[in-house]
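*Asks:* Can you keep this structure in mind? I'll have questions shortly.
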Amino acid sequence: MAGHSKWANIQHRKGRQDEKRGAAFSKLAKEITVAAKMGGGDPGFNPRLRLAVDKAKGVNMPKDKIDNAIKKGTGELEGVSYEEIRYEGYGIGGSAIMVDCLTDNKTRTVADVRHAFSKYGGNMGTDGCVAFQFKHCGQLLFAPGTSEDALMEAALEAGAEDVVPNEDGSIEVITGPWEFTAVKEALEKAGFTAEFGEVTMKPENVIELSGDEAARMQRLLDALEGLDDVQEVYTSAEMDE
């Protein structure tokens with residue numbers, strides 16, 4: 001497991017996400033607007049909106065920006081109409097990549113995504129070519145040293161789907177995508193605070209990359225994540241530090 005610690009890998013990814021907080025505001029606003037448009041403007045009755053608002057609060061997005069994004073979704077304020085699109089493809093070493101986008105110009109978005117794949121050594125595939133390799137779920141990661149038995153009891157009582165101990169001592173709690181917030185809050189009440197948590201597309205199997213391959217893969221992921229229309233990038237690759 002040297003170099004491919006689950007704990008180190010997710011912490012590294014979290015750090016990279018934190019570095020991109022400024023750019024995150026506009027992307028989070030898009031997600032909030034779409035969630036409100038699809039399921040209404042009350043987070044208490046709209047799980048997708050609640051997740052988006054919680055994520056926005058987690059990066060200190062101003063309340064007025066959150067409120068305005070909701071109002072654009074519900075039609076109280078004029079806003080752009082976004083379309084959800086997912087692109088799939090392959091990265092370095094045959095690793096799988098899924099790219100979730102929100103766009104007002106599909107022609108522009110597909111061209112940008114295809115260009116990033118080809119420029120940085122990946123290959124854009126067809127719909128469904130890698131989606132089966134991922135599971136839509138909530139993921140909470142707890143630090144090495146956390147009591148596995150106590151966490152497992154609390155997690156299963158809270159409605160979690162699975163508790164997975166990793167070789168590096170960290171523990172993952174897996175939830176349904178829309179049960180994520182409720183399980184997280186229940187665990188916090190029980191005294192367990194996750195170091196990292198998100199609703200994600202979790203790869204069923206990972207491909208470990210190191211050295212030059214890891215560096216090339218990171219450049220590809222950075223290029224995709226840097227596109228204005230890209231909301232999330234998921235991959236089966238795990239890179240060493």
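Residue names in the structure tokens use chain letters A, B, ... in the order shown, residue numbers from 1 in each chain, and ligand numbers from 1 in the order shown.
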Could you name the residues that touch A:Asp149 at 12 Å or less, counting only C-alpha atoms, but leaving out those on the same chain fewer than 4 positions away, as a PyMOL selection string?
*Replies:* chain A and resi 145+153-156+163-165+171
*Asks:* What would the file look like if the residues just selected were written as a PDB file, in the first residue's frame with N, CA, C and O atoms?
*Replies:*
```pdb
ATOM      1  N   GLY A 145      -7.153   5.176  13.671  1.00  0.00           N
ATOM      2  CA  GLY A 145      -7.270   5.262  15.126  1.00  0.00           C
ATOM      3  C   GLY A 145      -8.706   5.329  15.593  1.00  0.00           C
ATOM      4  O   GLY A 145      -9.003   5.135  16.784  1.00  0.00           O
ATOM      5  N   GLU A 153     -21.177   0.300  14.588  1.00  0.00           N
ATOM      6  CA  GLU A 153     -22.473   0.239  15.272  1.00  0.00           C
ATOM      7  C   GLU A 153     -23.270   1.527  15.036  1.00  0.00           C
ATOM      8  O   GLU A 153     -24.457   1.484  14.698  1.00  0.00           O
ATOM      9  N   ALA A 154     -22.597   2.671  15.191  1.00  0.00           N
ATOM     10  CA  ALA A 154     -23.275   3.955  15.010  1.00  0.00           C
ATOM     11  C   ALA A 154     -23.683   4.171  13.558  1.00  0.00           C
ATOM     12  O   ALA A 154     -24.774   4.685  13.273  1.00  0.00           O
ATOM     13  N   ALA A 155     -22.821   3.763  12.633  1.00  0.00           N
ATOM     14  CA  ALA A 155     -23.090   3.988  11.213  1.00  0.00           C
ATOM     15  C   ALA A 155     -24.272   3.159  10.732  1.00  0.00           C
ATOM     16  O   ALA A 155     -25.162   3.664  10.033  1.00  0.00           O
ATOM     17  N   LEU A 156     -24.287   1.898  11.098  1.00  0.00           N
ATOM     18  CA  LEU A 156     -25.382   1.035  10.657  1.00  0.00           C
ATOM     19  C   LEU A 156     -26.704   1.463  11.291  1.00  0.00           C
ATOM     20  O   LEU A 156     -27.763   1.412  10.650  1.00  0.00           O
ATOM     21  N   VAL A 163     -19.556  -0.266   6.036  1.00  0.00           N
ATOM     22  CA  VAL A 163     -18.410   0.295   6.740  1.00  0.00           C
ATOM     23  C   VAL A 163     -17.185  -0.492   6.286  1.00  0.00           C
ATOM     24  O   VAL A 163     -17.148  -1.714   6.401  1.00  0.00           O
ATOM     25  N   VAL A 164     -16.188   0.219   5.749  1.00  0.00           N
ATOM     26  CA  VAL A 164     -15.047  -0.447   5.117  1.00  0.00           C
ATOM     27  C   VAL A 164     -13.737  -0.018   5.782  1.00  0.00           C
ATOM     28  O   VAL A 164     -13.311   1.137   5.618  1.00  0.00           O
ATOM     29  N   PRO A 165     -13.081  -0.912   6.536  1.00  0.00           N
ATOM     30  CA  PRO A 165     -11.758  -0.578   7.083  1.00  0.00           C
ATOM     31  C   PRO A 165     -10.696  -0.692   5.991  1.00  0.00           C
ATOM     32  O   PRO A 165     -10.710  -1.638   5.194  1.00  0.00           O
ATOM     33  N   ILE A 171     -11.073   4.460   8.008  1.00  0.00           N
ATOM     34  CA  ILE A 171     -12.331   3.727   7.865  1.00  0.00           C
ATOM     35  C   ILE A 171     -13.282   4.536   7.007  1.00  0.00           C
ATOM     36  O   ILE A 171     -13.478   5.731   7.226  1.00  0.00           O
TER      37      ILE A 171
END
```
*Asks:* Hey, what does DSSP flag as strand (DSSP E) within stretch 95-168 of chain A? Can you give it to me as a list in words?
*Replies:*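 So, restricting stretch 95-168 of chain A to strand (DSSP E), we get Ala96, Ile97, Met98, Val99, Asp100, Cys101, Leu102, Thr103, Asn123, Met124, Phe134, Lys135, His136, Cys137, Gly138, Gln139, Leu140, Leu141, Phe142, Asp162, Val163, Val164 and Pro165 of chain A.
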*Asks:* Contacts between stretch 94-100 of chain A and stretch 179-228 of chain A, please, where a residue of stretch 179-228 of chain A counts if it comes within 10 Å (with only C-alpha atoms); show its shortest atom pair and distance in Å to one decimal, rows by chain and ascending number, as a tab-separated table.
*Replies:*
```
residue	atom	partner	partner_atom	distance
A:Met201	CA	A:Met98	CA	8.6
A:Pro203	CA	A:Ala96	CA	8.6
A:Asn205	CA	A:Ser95	CA	9.9
A:Val206	CA	A:Ser95	CA	7.9
A:Ile207	CA	A:Ser95	CA	6.1
A:Glu208	CA	A:Ser95	CA	8.8
A:Leu209	CA	A:Ser95	CA	9.1
A:Met217	CA	A:Ser95	CA	9.0
A:Leu221	CA	A:Ile97	CA	8.8
A:Leu224	CA	A:Val99	CA	7.7
A:Glu225	CA	A:Val99	CA	8.5
```
*Asks:* Export N, CA and C atoms of the chosen residues as a compact mmCIF listing (two decimals), in the first residue's frame?
*Replies:*
```txt
# COMPACT_ATOMS: atom_id res chain seq x y z
N MET A 201 -19.08 9.49 -7.25
CA MET A 201 -19.15 8.26 -8.04
C MET A 201 -17.90 7.47 -7.65
N PRO A 203 -15.33 4.49 -7.61
CA PRO A 203 -14.95 3.39 -8.50
C PRO A 203 -15.02 2.04 -7.79
N ASN A 205 -13.35 -0.58 -8.68
CA ASN A 205 -11.96 -1.04 -8.62
C ASN A 205 -11.06 0.13 -9.03
N VAL A 206 -9.89 0.22 -8.40
CA VAL A 206 -8.99 1.32 -8.71
C VAL A 206 -7.79 0.83 -9.52
N ILE A 207 -7.23 1.75 -10.29
CA ILE A 207 -5.99 1.51 -11.02
C ILE A 207 -4.92 2.40 -10.41
N GLU A 208 -3.88 1.80 -9.89
CA GLU A 208 -2.83 2.56 -9.21
C GLU A 208 -1.80 3.05 -10.23
N LEU A 209 -1.52 4.34 -10.16
CA LEU A 209 -0.54 4.95 -11.06
C LEU A 209 0.56 5.60 -10.23
N MET A 217 -1.52 11.72 -15.56
CA MET A 217 -2.93 11.60 -15.22
C MET A 217 -3.42 12.84 -14.47
N LEU A 221 -6.55 15.34 -15.42
CA LEU A 221 -7.64 15.66 -14.49
C LEU A 221 -7.73 17.17 -14.24
N LEU A 224 -9.37 18.88 -17.22
CA LEU A 224 -10.82 18.67 -17.25
C LEU A 224 -11.51 19.49 -16.17
N GLU A 225 -10.96 19.45 -14.96
CA GLU A 225 -11.57 20.17 -13.84
C GLU A 225 -11.53 21.68 -14.05
```
*Asks:* Atom CA of A:Asp228 and atom CA of A:Gly121 are how many Å apart?
*Replies:* 20.4 Å
*Asks:* Pick from A:Gly226, A:Gly40, A:Gly176, A:Gly169: nearest to A:Glu148, with only C-alpha atoms counted?
*Replies:*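 Checking each candidate against A:Glu148, we get A:Gly169 as the closest.
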*Asks:* Give the helix (DSSP H, G or I) residues of stretch 18-241 of chain A, as assigned by DSSP on the backbone, as a VMD selection string.
*Replies:* chain A and resid 18 to 19 21 to 39 43 to 45 47 to 58 63 to 74 92 to 94 106 to 119 131 to 133 148 to 158 180 to 189 211 to 225
*Asks:* Restricting the calculation to only C-alpha atoms: of A:Glu83, A:Asp64, A:Glu198, A:Glu232, which residue gets closest to A:Glu179?
*Replies:*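 Closest residue, counting only C-alpha atoms: A:Glu198.
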*Asks:* Could you list, as a short mmCIF file (atom, residue, chain, number, x, y, z; two decimals) with all heavy atoms, in the first residue's frame, every residue within 6 Å of A:Ala36, counting only C-alpha atoms and ignoring same-chain residues fewer than 3 positions away?
*Replies:*
```
data_model
loop_
_atom_site.label_atom_id
_atom_site.label_comp_id
_atom_site.auth_asym_id
_atom_site.auth_seq_id
_atom_site.Cartn_x
_atom_site.Cartn_y
_atom_site.Cartn_z
N THR A 33 -28.74 26.14 -8.68
CA THR A 33 -29.79 26.59 -9.58
C THR A 33 -30.51 25.41 -10.23
O THR A 33 -31.74 25.35 -10.27
CB THR A 33 -29.22 27.52 -10.67
OG1 THR A 33 -28.71 28.71 -10.04
CG2 THR A 33 -30.28 27.90 -11.68
N GLY A 39 -36.20 20.34 -8.27
CA GLY A 39 -36.89 19.81 -7.10
C GLY A 39 -37.47 20.84 -6.16
O GLY A 39 -37.92 20.49 -5.06
N GLY A 40 -37.47 22.12 -6.56
CA GLY A 40 -38.01 23.16 -5.69
C GLY A 40 -36.95 23.80 -4.83
O GLY A 40 -35.84 23.28 -4.67
N GLY A 41 -37.28 24.97 -4.27
CA GLY A 41 -36.30 25.79 -3.57
C GLY A 41 -36.15 25.54 -2.09
O GLY A 41 -35.40 26.27 -1.42
N ILE A 70 -30.64 29.90 -5.79
CA ILE A 70 -31.91 29.20 -5.59
C ILE A 70 -33.03 29.93 -6.31
O ILE A 70 -33.86 29.31 -7.00
CB ILE A 70 -32.23 29.07 -4.08
CG1 ILE A 70 -31.24 28.13 -3.40
CG2 ILE A 70 -33.67 28.57 -3.87
CD1 ILE A 70 -31.38 28.06 -1.89
N GLY A 73 -33.18 29.30 -9.90
CA GLY A 73 -33.74 27.98 -10.19
C GLY A 73 -35.25 27.94 -10.09
O GLY A 73 -35.92 27.25 -10.86
N THR A 74 -35.79 28.68 -9.13
CA THR A 74 -37.25 28.67 -8.94
C THR A 74 -37.96 29.69 -9.81
O THR A 74 -39.18 29.76 -9.83
CB THR A 74 -37.59 28.95 -7.46
OG1 THR A 74 -37.05 30.22 -7.07
CG2 THR A 74 -37.03 27.86 -6.55
#
```
*Asks:* Work out how far apart atom CA of A:Phe196 and atom CA of A:Leu140 are and give it in Å to one decimal.
*Replies:*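 Atom-to-atom, atom CA of A:Phe196 to atom CA of A:Leu140, that is 5.9 Å.
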*Asks:* So, with only C-alpha atoms as the atoms that count, which of A:Leu220, A:Val53, A:Ala150, A:Leu187 lies closest to A:Gly89?
*Replies:*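 The answer is A:Leu220, which sits nearest to A:Gly89.
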*Asks:* Compare A:Ala56, A:Leu51, A:Cys137, A:Ala131 by their minimum atom-to-atom distance to A:Lys202, counting only C-alpha atoms, and give me the closest one.
*Replies:*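 Once distances to A:Lys202 are computed over only C-alpha atoms, the minimum belongs to A:Cys137.
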*Asks:* Using only C-alpha atoms, which residue out of A:Asp112, A:Thr107, A:Gly138, A:Glu204 lies closest to A:Pro177?
*Replies:*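 Selected residue with least distance to A:Pro177: A:Gly138.
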*Asks:* Atom CA of A:Gly211 and atom CA of A:Ala237 are how many Å apart?
*Replies:*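 If I compute the distance from atom CA of A:Gly211 to atom CA of A:Ala237, I get 13.0 Å.
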*Asks:* In terms of the shortest atom-to-atom distance over only C-alpha atoms, which of A:Ile32, A:Ile92, A:Val80, A:Met152 is closest to A:Val173?
*Replies:* A:Met152
*Asks:* So which residues touch A:Ile85 within 12 Å, counting only C-alpha atoms, skipping near sequence neighbours fewer than 3 positions away, as a PyMOL selection string?
*Replies:* chain A and resi 82+88+98-107+109-110+113+127+229-232
*Asks:* Residues within 10 Å of A:Ser26, please, as a PDB file with all heavy atoms, in the first residue's frame. Count only C-alpha atoms; anything in the same chain fewer than 2 positions from it doesn't count.
*Replies:*
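Wrote it out as out_13.pdb, contents follow:
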```pdb
ATOM      1  N   ARG A  21     -11.156  26.798  -4.392  1.00  0.00           N
ATOM      2  CA  ARG A  21     -12.405  27.313  -3.813  1.00  0.00           C
ATOM      3  C   ARG A  21     -12.988  28.479  -4.590  1.00  0.00           C
ATOM      4  O   ARG A  21     -14.196  28.592  -4.766  1.00  0.00           O
ATOM      5  CB  ARG A  21     -12.168  27.740  -2.359  1.00  0.00           C
ATOM      6  CG  ARG A  21     -12.151  26.573  -1.395  1.00  0.00           C
ATOM      7  CD  ARG A  21     -12.083  27.044   0.036  1.00  0.00           C
ATOM      8  NE  ARG A  21     -12.172  25.932   0.952  1.00  0.00           N
ATOM      9  CZ  ARG A  21     -12.267  26.066   2.263  1.00  0.00           C
ATOM     10  NH1 ARG A  21     -12.274  27.265   2.799  1.00  0.00           N
ATOM     11  NH2 ARG A  21     -12.345  25.008   3.048  1.00  0.00           N
ATOM     12  N   GLY A  22     -12.130  29.393  -5.048  1.00  0.00           N
ATOM     13  CA  GLY A  22     -12.632  30.567  -5.765  1.00  0.00           C
ATOM     14  C   GLY A  22     -13.435  30.178  -6.989  1.00  0.00           C
ATOM     15  O   GLY A  22     -14.552  30.653  -7.208  1.00  0.00           O
ATOM     16  N   ALA A  23     -12.870  29.284  -7.786  1.00  0.00           N
ATOM     17  CA  ALA A  23     -13.561  28.834  -8.996  1.00  0.00           C
ATOM     18  C   ALA A  23     -14.798  28.025  -8.646  1.00  0.00           C
ATOM     19  O   ALA A  23     -15.737  27.925  -9.439  1.00  0.00           O
ATOM     20  CB  ALA A  23     -12.616  28.007  -9.860  1.00  0.00           C
ATOM     21  N   ALA A  24     -14.810  27.472  -7.439  1.00  0.00           N
ATOM     22  CA  ALA A  24     -15.922  26.603  -7.038  1.00  0.00           C
ATOM     23  C   ALA A  24     -17.223  27.361  -6.899  1.00  0.00           C
ATOM     24  O   ALA A  24     -18.295  26.797  -7.105  1.00  0.00           O
ATOM     25  CB  ALA A  24     -15.589  25.896  -5.727  1.00  0.00           C
ATOM     26  N   LEU A  28     -20.715  25.848  -8.043  1.00  0.00           N
ATOM     27  CA  LEU A  28     -21.705  25.504  -7.038  1.00  0.00           C
ATOM     28  C   LEU A  28     -23.013  26.252  -7.279  1.00  0.00           C
ATOM     29  O   LEU A  28     -24.100  25.701  -7.082  1.00  0.00           O
ATOM     30  CB  LEU A  28     -21.167  25.821  -5.642  1.00  0.00           C
ATOM     31  CG  LEU A  28     -20.125  24.833  -5.106  1.00  0.00           C
ATOM     32  CD1 LEU A  28     -19.425  25.403  -3.889  1.00  0.00           C
ATOM     33  CD2 LEU A  28     -20.765  23.498  -4.775  1.00  0.00           C
ATOM     34  N   ALA A  29     -22.910  27.496  -7.719  1.00  0.00           N
ATOM     35  CA  ALA A  29     -24.120  28.266  -8.017  1.00  0.00           C
ATOM     36  C   ALA A  29     -24.927  27.594  -9.127  1.00  0.00           C
ATOM     37  O   ALA A  29     -26.160  27.526  -9.073  1.00  0.00           O
ATOM     38  CB  ALA A  29     -23.748  29.690  -8.421  1.00  0.00           C
ATOM     39  N   LYS A  30     -24.231  27.068 -10.135  1.00  0.00           N
ATOM     40  CA  LYS A  30     -24.911  26.341 -11.214  1.00  0.00           C
ATOM     41  C   LYS A  30     -25.662  25.135 -10.658  1.00  0.00           C
ATOM     42  O   LYS A  30     -26.826  24.893 -10.993  1.00  0.00           O
ATOM     43  CB  LYS A  30     -23.896  25.857 -12.253  1.00  0.00           C
ATOM     44  CG  LYS A  30     -23.445  26.860 -13.277  1.00  0.00           C
ATOM     45  CD  LYS A  30     -22.602  26.103 -14.316  1.00  0.00           C
ATOM     46  CE  LYS A  30     -21.921  27.037 -15.290  1.00  0.00           C
ATOM     47  NZ  LYS A  30     -21.108  26.280 -16.273  1.00  0.00           N
ATOM     48  N   GLU A  31     -24.977  24.359  -9.816  1.00  0.00           N
ATOM     49  CA  GLU A  31     -25.589  23.153  -9.252  1.00  0.00           C
ATOM     50  C   GLU A  31     -26.795  23.499  -8.396  1.00  0.00           C
ATOM     51  O   GLU A  31     -27.835  22.832  -8.454  1.00  0.00           O
ATOM     52  CB  GLU A  31     -24.549  22.375  -8.440  1.00  0.00           C
ATOM     53  CG  GLU A  31     -25.103  21.219  -7.626  1.00  0.00           C
ATOM     54  CD  GLU A  31     -25.762  20.118  -8.446  1.00  0.00           C
ATOM     55  OE1 GLU A  31     -25.510  20.045  -9.673  1.00  0.00           O
ATOM     56  OE2 GLU A  31     -26.527  19.344  -7.867  1.00  0.00           O
ATOM     57  N   ILE A  32     -26.683  24.542  -7.589  1.00  0.00           N
ATOM     58  CA  ILE A  32     -27.807  24.975  -6.744  1.00  0.00           C
ATOM     59  C   ILE A  32     -28.990  25.383  -7.614  1.00  0.00           C
ATOM     60  O   ILE A  32     -30.140  25.016  -7.342  1.00  0.00           O
ATOM     61  CB  ILE A  32     -27.371  26.137  -5.824  1.00  0.00           C
ATOM     62  CG1 ILE A  32     -26.380  25.624  -4.769  1.00  0.00           C
ATOM     63  CG2 ILE A  32     -28.567  26.783  -5.152  1.00  0.00           C
ATOM     64  CD1 ILE A  32     -25.680  26.725  -3.994  1.00  0.00           C
ATOM     65  N   MET A  61     -19.207  29.951   0.797  1.00  0.00           N
ATOM     66  CA  MET A  61     -19.887  30.735  -0.232  1.00  0.00           C
ATOM     67  C   MET A  61     -20.889  31.668   0.453  1.00  0.00           C
ATOM     68  O   MET A  61     -21.658  31.233   1.305  1.00  0.00           O
ATOM     69  CB  MET A  61     -20.623  29.787  -1.187  1.00  0.00           C
ATOM     70  CG  MET A  61     -21.261  30.471  -2.381  1.00  0.00           C
ATOM     71  SD  MET A  61     -21.855  29.216  -3.559  1.00  0.00           S
ATOM     72  CE  MET A  61     -22.748  30.236  -4.716  1.00  0.00           C
ATOM     73  N   LYS A  65     -25.258  34.772  -2.338  1.00  0.00           N
ATOM     74  CA  LYS A  65     -25.007  34.057  -3.597  1.00  0.00           C
ATOM     75  C   LYS A  65     -25.798  32.752  -3.644  1.00  0.00           C
ATOM     76  O   LYS A  65     -26.322  32.354  -4.692  1.00  0.00           O
ATOM     77  CB  LYS A  65     -23.508  33.774  -3.767  1.00  0.00           C
ATOM     78  CG  LYS A  65     -22.658  35.014  -4.039  1.00  0.00           C
ATOM     79  CD  LYS A  65     -21.227  34.633  -4.319  1.00  0.00           C
ATOM     80  CE  LYS A  65     -20.342  35.851  -4.565  1.00  0.00           C
ATOM     81  NZ  LYS A  65     -20.709  36.552  -5.814  1.00  0.00           N
ATOM     82  N   ALA A  69     -28.872  31.995  -6.275  1.00  0.00           N
ATOM     83  CA  ALA A  69     -28.827  30.810  -7.133  1.00  0.00           C
ATOM     84  C   ALA A  69     -30.117  30.003  -7.010  1.00  0.00           C
ATOM     85  O   ALA A  69     -30.640  29.486  -8.004  1.00  0.00           O
ATOM     86  CB  ALA A  69     -27.618  29.943  -6.776  1.00  0.00           C
ATOM     87  N   ASP A 228     -14.794  25.530 -17.561  1.00  0.00           N
ATOM     88  CA  ASP A 228     -15.885  26.253 -16.906  1.00  0.00           C
ATOM     89  C   ASP A 228     -17.159  25.433 -16.798  1.00  0.00           C
ATOM     90  O   ASP A 228     -17.915  25.568 -15.824  1.00  0.00           O
ATOM     91  CB  ASP A 228     -16.197  27.545 -17.681  1.00  0.00           C
ATOM     92  CG  ASP A 228     -15.109  28.593 -17.507  1.00  0.00           C
ATOM     93  OD1 ASP A 228     -14.305  28.464 -16.554  1.00  0.00           O
ATOM     94  OD2 ASP A 228     -15.058  29.530 -18.324  1.00  0.00           O
ATOM     95  N   ASP A 229     -17.432  24.590 -17.786  1.00  0.00           N
ATOM     96  CA  ASP A 229     -18.692  23.840 -17.795  1.00  0.00           C
ATOM     97  C   ASP A 229     -18.624  22.538 -17.005  1.00  0.00           C
ATOM     98  O   ASP A 229     -19.643  21.855 -16.851  1.00  0.00           O
ATOM     99  CB  ASP A 229     -19.106  23.519 -19.238  1.00  0.00           C
ATOM    100  CG  ASP A 229     -19.382  24.777 -20.049  1.00  0.00           C
ATOM    101  OD1 ASP A 229     -19.791  25.789 -19.449  1.00  0.00           O
ATOM    102  OD2 ASP A 229     -19.185  24.753 -21.283  1.00  0.00           O
ATOM    103  N   GLN A 231     -18.483  20.279 -13.795  1.00  0.00           N
ATOM    104  CA  GLN A 231     -18.839  20.337 -12.379  1.00  0.00           C
ATOM    105  C   GLN A 231     -17.994  19.367 -11.552  1.00  0.00           C
ATOM    106  O   GLN A 231     -17.463  19.721 -10.515  1.00  0.00           O
ATOM    107  CB  GLN A 231     -20.315  19.990 -12.203  1.00  0.00           C
ATOM    108  CG  GLN A 231     -21.272  21.022 -12.776  1.00  0.00           C
ATOM    109  CD  GLN A 231     -21.224  22.339 -12.024  1.00  0.00           C
ATOM    110  OE1 GLN A 231     -20.696  23.333 -12.532  1.00  0.00           O
ATOM    111  NE2 GLN A 231     -21.742  22.369 -10.824  1.00  0.00           N
TER     112      GLN A 231
END
```
